[in-house]
>>> print(open('start.cif').read())   # mmCIF, C-alpha atoms
data_coords
loop_
_atom_site.group_PDB
_atom_site.id
_atom_site.type_symbol
_atom_site.label_atom_id
_atom_site.label_comp_id
_atom_site.auth_asym_id
_atom_site.auth_seq_id
_atom_site.Cartn_x
_atom_site.Cartn_y
_atom_site.Cartn_z
ATOM 1 C CA MET A 1 72.352 9.335 -48.320
ATOM 2 C CA GLN A 2 72.365 13.135 -48.113
ATOM 3 C CA LEU A 3 73.480 14.888 -51.294
ATOM 4 C CA GLN A 4 75.922 17.775 -50.734
ATOM 5 C CA ILE A 5 74.837 19.887 -53.719
ATOM 6 C CA GLN A 6 75.970 23.293 -52.412
ATOM 7 C CA GLN A 7 79.328 21.938 -51.262
ATOM 8 C CA ALA A 8 79.810 20.176 -54.597
ATOM 9 C CA VAL A 9 79.265 23.429 -56.513
ATOM 10 C CA VAL A 10 81.634 25.330 -54.207
ATOM 11 C CA ASN A 11 84.303 22.623 -54.519
ATOM 12 C CA VAL A 12 84.190 22.679 -58.316
ATOM 13 C CA LEU A 13 84.363 26.484 -58.375
ATOM 14 C CA LEU A 14 87.325 26.459 -55.990
ATOM 15 C CA LEU A 15 89.000 23.708 -57.991
ATOM 16 C CA TRP A 16 88.860 25.884 -61.113
ATOM 17 C CA ILE A 17 90.441 28.738 -59.159
ATOM 18 C CA LEU A 18 93.168 26.508 -57.697
ATOM 19 C CA THR A 19 93.930 24.448 -60.797
ATOM 20 C CA ALA A 20 95.359 27.268 -62.933
ATOM 21 C CA PRO A 21 98.209 28.176 -60.510
ATOM 22 C CA HIS A 22 98.894 24.475 -59.889
ATOM 23 C CA GLU A 23 99.326 23.632 -63.568
ATOM 24 C CA PHE A 24 101.096 26.932 -64.246
ATOM 25 C CA ALA A 25 103.655 25.959 -61.591
ATOM 26 C CA HIS A 26 104.344 22.693 -63.403
ATOM 27 C CA ALA A 27 104.732 24.489 -66.723
ATOM 28 C CA TRP A 28 106.893 27.298 -65.343
ATOM 29 C CA VAL A 29 109.338 24.968 -63.588
ATOM 30 C CA ALA A 30 109.584 22.771 -66.701
ATOM 31 C CA THR A 31 110.487 25.767 -68.853
ATOM 32 C CA ARG A 32 113.041 26.902 -66.282
ATOM 33 C CA LEU A 33 114.618 23.455 -66.518
ATOM 34 C CA GLY A 34 114.918 23.721 -70.286
ATOM 35 C CA ASP A 35 111.793 22.041 -71.627
ATOM 36 C CA ASP A 36 109.887 24.275 -74.043
ATOM 37 C CA THR A 37 106.992 21.796 -74.484
ATOM 38 C CA PRO A 38 104.628 23.560 -72.012
ATOM 39 C CA ARG A 39 105.314 26.940 -73.647
ATOM 40 C CA LYS A 40 104.597 25.557 -77.122
ATOM 41 C CA GLU A 41 101.325 24.087 -75.866
ATOM 42 C CA GLY A 42 100.214 27.331 -74.207
ATOM 43 C CA ARG A 43 100.427 26.078 -70.650
ATOM 44 C CA VAL A 44 102.667 28.784 -69.164
ATOM 45 C CA THR A 45 99.603 30.859 -68.306
ATOM 46 C CA LEU A 46 97.203 31.462 -65.430
ATOM 47 C CA TYR A 47 94.185 31.437 -67.795
ATOM 48 C CA PRO A 48 91.918 28.750 -66.243
ATOM 49 C CA LEU A 49 90.526 27.266 -69.465
ATOM 50 C CA ALA A 50 94.057 26.376 -70.601
ATOM 51 C CA HIS A 51 94.253 23.922 -67.702
ATOM 52 C CA VAL A 52 90.755 22.439 -67.565
ATOM 53 C CA ASP A 53 90.187 18.713 -67.987
ATOM 54 C CA TRP A 54 86.409 18.400 -68.131
ATOM 55 C CA LEU A 55 86.337 14.978 -66.509
ATOM 56 C CA GLY A 56 88.881 15.774 -63.795
ATOM 57 C CA THR A 57 88.052 19.444 -63.220
ATOM 58 C CA ALA A 58 84.262 19.345 -63.413
ATOM 59 C CA ILE A 59 82.439 16.010 -63.581
ATOM 60 C CA LEU A 60 84.318 13.813 -61.089
ATOM 61 C CA PRO A 61 84.882 16.499 -58.433
ATOM 62 C CA PHE A 62 81.191 17.390 -58.580
ATOM 63 C CA VAL A 63 80.038 13.770 -58.282
ATOM 64 C CA THR A 64 82.470 12.777 -55.521
ATOM 65 C CA SER A 65 81.688 15.936 -53.532
ATOM 66 C CA LEU A 66 77.959 15.404 -54.089
ATOM 67 C CA LEU A 67 78.135 11.961 -52.531
ATOM 68 C CA ALA A 68 80.341 13.207 -49.649
ATOM 69 C CA GLY A 69 82.826 10.461 -50.449
ATOM 70 C CA GLY A 70 85.946 12.584 -50.391
ATOM 71 C CA PHE A 71 87.042 14.628 -53.359
ATOM 72 C CA LEU A 72 88.514 13.486 -56.639
ATOM 73 C CA GLY A 73 89.740 16.046 -59.153
ATOM 74 C CA TRP A 74 92.657 17.271 -61.231
ATOM 75 C CA GLY A 75 93.553 19.672 -64.000
ATOM 76 C CA LYS A 76 94.708 18.966 -67.535
ATOM 77 C CA PRO A 77 98.180 17.424 -67.169
ATOM 78 C CA VAL A 78 101.141 19.499 -68.339
ATOM 79 C CA ARG A 79 103.130 17.496 -70.863
ATOM 80 C CA THR A 80 106.911 17.494 -70.481
ATOM 81 C CA ASP A 81 109.770 15.966 -72.433
ATOM 82 C CA THR A 82 112.139 14.324 -69.974
ATOM 83 C CA SER A 83 114.963 14.349 -72.536
ATOM 84 C CA LYS A 84 114.836 18.168 -72.532
ATOM 85 C CA LEU A 85 114.712 18.582 -68.759
ATOM 86 C CA ARG A 86 117.925 19.318 -66.937
ATOM 87 C CA GLY A 87 118.380 16.448 -64.517
ATOM 88 C CA GLY A 88 116.210 14.058 -66.523
ATOM 89 C CA LEU A 89 113.961 12.098 -64.165
ATOM 90 C CA ASN A 90 115.184 14.148 -61.202
ATOM 91 C CA GLY A 91 114.119 17.266 -63.079
ATOM 92 C CA LEU A 92 110.749 15.616 -63.721
ATOM 93 C CA ALA A 93 110.346 15.132 -59.967
ATOM 94 C CA LEU A 94 110.948 18.866 -59.431
ATOM 95 C CA VAL A 95 108.339 19.697 -62.054
ATOM 96 C CA ALA A 96 105.881 17.329 -60.375
ATOM 97 C CA MET A 97 106.428 18.745 -56.875
ATOM 98 C CA ALA A 98 105.904 22.317 -58.106
ATOM 99 C CA GLY A 99 102.153 21.671 -58.284
ATOM 100 C CA PRO A 100 101.569 20.551 -54.672
ATOM 101 C CA PHE A 101 103.982 23.237 -53.465
ATOM 102 C CA SER A 102 101.895 25.869 -55.253
ATOM 103 C CA ASN A 103 98.814 24.553 -53.432
ATOM 104 C CA VAL A 104 100.495 25.087 -50.063
ATOM 105 C CA VAL A 105 101.448 28.644 -51.086
ATOM 106 C CA LEU A 106 97.874 29.286 -52.261
ATOM 107 C CA ALA A 107 96.536 27.942 -48.966
ATOM 108 C CA VAL A 108 98.613 30.502 -47.066
ATOM 109 C CA ILE A 109 97.472 33.321 -49.384
ATOM 110 C CA LEU A 110 93.815 32.320 -48.988
ATOM 111 C CA ALA A 111 94.276 32.116 -45.221
ATOM 112 C CA VAL A 112 95.518 35.706 -45.228
ATOM 113 C CA VAL A 113 92.427 36.694 -47.262
ATOM 114 C CA THR A 114 90.235 34.861 -44.756
ATOM 115 C CA VAL A 115 91.697 36.675 -41.762
ATOM 116 C CA ALA A 116 91.656 40.058 -43.510
ATOM 117 C CA SER A 117 87.998 39.793 -44.603
ATOM 118 C CA LEU A 118 86.572 37.960 -41.590
ATOM 119 C CA HIS A 119 84.696 40.970 -40.190
ATOM 120 C CA ALA A 120 84.290 43.136 -43.297
ATOM 121 C CA VAL A 121 83.101 40.460 -45.763
ATOM 122 C CA PRO A 122 82.141 37.268 -43.893
ATOM 123 C CA ALA A 123 80.961 35.482 -47.056
ATOM 124 C CA LEU A 124 84.343 36.020 -48.718
ATOM 125 C CA ALA A 125 86.105 34.861 -45.563
ATOM 126 C CA GLU A 126 84.081 31.636 -45.509
ATOM 127 C CA PHE A 127 84.752 30.992 -49.203
ATOM 128 C CA ALA A 128 88.482 31.656 -48.793
ATOM 129 C CA ALA A 129 88.625 29.417 -45.705
ATOM 130 C CA GLN A 130 87.130 26.561 -47.723
ATOM 131 C CA GLY A 131 89.756 27.318 -50.356
ATOM 132 C CA VAL A 132 92.503 26.891 -47.742
ATOM 133 C CA ARG A 133 91.276 23.436 -46.865
ATOM 134 C CA LEU A 134 90.674 22.375 -50.465
ATOM 135 C CA SER A 135 94.088 23.648 -51.592
ATOM 136 C CA LEU A 136 95.780 21.589 -48.886
ATOM 137 C CA TYR A 137 93.592 18.609 -49.780
ATOM 138 C CA LEU A 138 94.723 18.903 -53.415
ATOM 139 C CA ALA A 139 98.357 19.068 -52.320
ATOM 140 C CA ILE A 140 97.951 15.871 -50.291
ATOM 141 C CA PHE A 141 95.881 14.140 -52.973
ATOM 142 C CA ASN A 142 98.385 14.944 -55.711
ATOM 143 C CA LEU A 143 101.209 13.447 -53.653
ATOM 144 C CA LEU A 144 99.634 9.995 -53.859
ATOM 145 C CA PRO A 145 102.059 7.774 -55.829
ATOM 146 C CA VAL A 146 99.452 6.742 -58.392
ATOM 147 C CA PRO A 147 99.542 7.783 -62.065
ATOM 148 C CA PRO A 148 98.532 10.304 -63.314
ATOM 149 C CA LEU A 149 99.042 12.201 -60.029
ATOM 150 C CA ASP A 150 102.189 14.205 -59.294
ATOM 151 C CA GLY A 151 103.390 11.772 -56.646
ATOM 152 C CA SER A 152 103.761 9.060 -59.261
ATOM 153 C CA LYS A 153 106.647 10.998 -60.828
ATOM 154 C CA LEU A 154 108.606 10.384 -57.637
ATOM 155 C CA LEU A 155 108.392 6.688 -58.446
ATOM 156 C CA LEU A 156 110.092 7.389 -61.759
ATOM 157 C CA ALA A 157 112.745 9.510 -60.038
ATOM 158 C CA ALA A 158 113.302 6.580 -57.655
ATOM 159 C CA ARG A 159 113.961 4.469 -60.783
ATOM 160 C CA ILE A 160 111.263 1.878 -60.233
ATOM 161 C CA PRO A 161 111.046 -0.549 -63.164
ATOM 162 C CA MET A 162 109.121 1.064 -66.001
ATOM 163 C CA VAL A 163 106.979 -2.043 -66.417
ATOM 164 C CA ILE A 164 105.622 -1.525 -62.887
ATOM 165 C CA TYR A 165 104.887 2.143 -63.562
ATOM 166 C CA ILE A 166 103.092 1.271 -66.801
ATOM 167 C CA GLU A 167 100.914 -1.278 -64.995
ATOM 168 C CA LEU A 168 100.076 1.273 -62.318
ATOM 169 C CA ALA A 169 99.192 3.787 -65.014
ATOM 170 C CA ARG A 170 96.827 1.304 -66.658
ATOM 171 C CA PHE A 171 94.749 0.930 -63.506
ATOM 172 C CA GLY A 172 95.577 4.191 -61.728
ATOM 173 C CA PHE A 173 92.341 5.929 -62.656
ATOM 174 C CA MET A 174 90.173 3.123 -61.282
ATOM 175 C CA LEU A 175 92.382 2.770 -58.204
ATOM 176 C CA LEU A 176 91.812 6.425 -57.363
ATOM 177 C CA ILE A 177 88.049 6.219 -57.791
ATOM 178 C CA VAL A 178 87.803 3.091 -55.650
ATOM 179 C CA ALA A 179 90.189 4.397 -52.988
ATOM 180 C CA VAL A 180 88.442 7.749 -52.573
ATOM 181 C CA SER A 181 84.871 6.478 -52.926
ATOM 182 C CA LEU A 182 84.952 3.166 -51.071
ATOM 183 C CA SER A 183 87.695 3.539 -48.469
ATOM 184 C CA ASP A 184 88.543 5.976 -45.687
ATOM 185 C CA LEU A 185 91.280 7.612 -47.776
ATOM 186 C CA GLY A 186 89.109 10.596 -48.683
ATOM 187 C CA ARG A 187 88.166 11.124 -45.028
ATOM 188 C CA TRP A 188 91.812 10.867 -43.951
ATOM 189 C CA MET A 189 92.873 13.460 -46.506
ATOM 190 C CA ASN A 190 90.023 15.700 -45.357
ATOM 191 C CA ASP A 191 91.230 15.364 -41.767
ATOM 192 C CA TRP A 192 94.837 16.140 -42.736
ATOM 193 C CA SER A 193 93.776 19.192 -44.732
ATOM 194 C CA TYR A 194 91.740 20.487 -41.771
ATOM 195 C CA LEU A 195 94.731 19.999 -39.473
ATOM 196 C CA GLY A 196 96.972 21.827 -41.955
ATOM 197 C CA ALA A 197 94.491 24.676 -42.274
ATOM 198 C CA ARG A 198 94.237 24.962 -38.495
ATOM 199 C CA ALA A 199 98.022 25.157 -38.243
ATOM 200 C CA ILE A 200 98.190 27.941 -40.865
ATOM 201 C CA PHE A 201 95.457 29.972 -39.170
ATOM 202 C CA SER A 202 97.101 29.488 -35.785
ATOM 203 C CA ALA A 203 100.402 30.728 -37.184
ATOM 204 C CA LEU A 204 98.729 33.798 -38.710
ATOM 205 C CA GLN A 205 96.865 34.641 -35.536
ATOM 206 C CA GLY A 206 100.053 34.297 -33.511
ATOM 207 C CA ALA A 207 102.059 36.494 -35.900
#
>>> encode(input="start.cif", output="structure tokens")
Amino acid sequence: MQLQIQQAVVNVLLLWILTAPHEFAHAWVATRLGDDTPRKEGRVTLYPLAHVDWLGTAILPFVTSLLAGGFLGWGKPVRTDTSKLRGGLNGLALVAMAGPFSNVVLAVILAVVTVASLHAVPALAEFAAQGVRLSLYLAIFNLLPVPPLDGSKLLLAARIPMVIYIELARFGFMLLIVAVSLSDLGRWMNDWSYLGARAIFSALQGA
């Protein structure tokens, strides 16, 4: 097995860069919907350390990237109080989707940086291009309907029985590790992120 040390380091660095806007988006939308919990906990900020979960934002992404078994990583979850959110569980779904949406926006921004620096600063262009793919990968990964990922909040908005959600939450962490490490899910998400990145670059080049 070939260890992907350089790629693992780059992925973790990019994850730190991408995590802050992702979690900020959750916090900002929650506050706009009336929940002051993220503001009280200092999460309405782009400061990276406010959003770091050492297991999810450093250790696991490094290990899974190192073994070339896909990529598993997340930031420190933004806590919300559903009773304070306008729309209740529907509002929670909006808060959840703000994170993946921010990743798509960041992918477009990084694609613009890639195109703009391609000839002047090739190293920056390569780094930004990897950021495009990773940002799209994170958007796809976070849409998986498994707690604690953002997609699981859609299950709550769909009013699945709470007992089912609680059971999923109990085993969600292990499900994610097994799915990404031992199945083709990580490869599929990689393929989808590459296709998404190609579509963004094609759109920019045709503009």
>>> residues_around(input="start.cif", residues="A:Leu134", least_positions_apart="6", cutoff="8 Å", atoms="only C-alpha atoms", output="number ranges by chain")
A: 11, 14-15, 193
>>> resolve_selection(input="start.cif", expression="the PyMOL selection byres ((chain A and resi 196) around 12)", output="ChimeraX atom specification")
/A:103-104,107-108,111,129,132-137,139-140,189-195,197-203
>>> resolve_selection(input="start.cif", expression="the PyMOL selection byres ((chain A and resi 162-170) around 7)", output="PyMOL selection string")
chain A and resi 146-148+160-161+171-172
>>> residues_near_point(input="start.cif", point="(115.2, 16.9, -59.4)", cutoff="12 Å", atoms="all atoms listed in the file", output="ChimeraX atom specification")
/A:29-30,33,82,85-98,153-154,156-158
>>> resolve_selection(input="start.cif", expression="the PyMOL selection byres ((chain A and resi 53) around 10)", output="PyMOL selection string")
chain A and resi 19+49-52+54-59+73-77
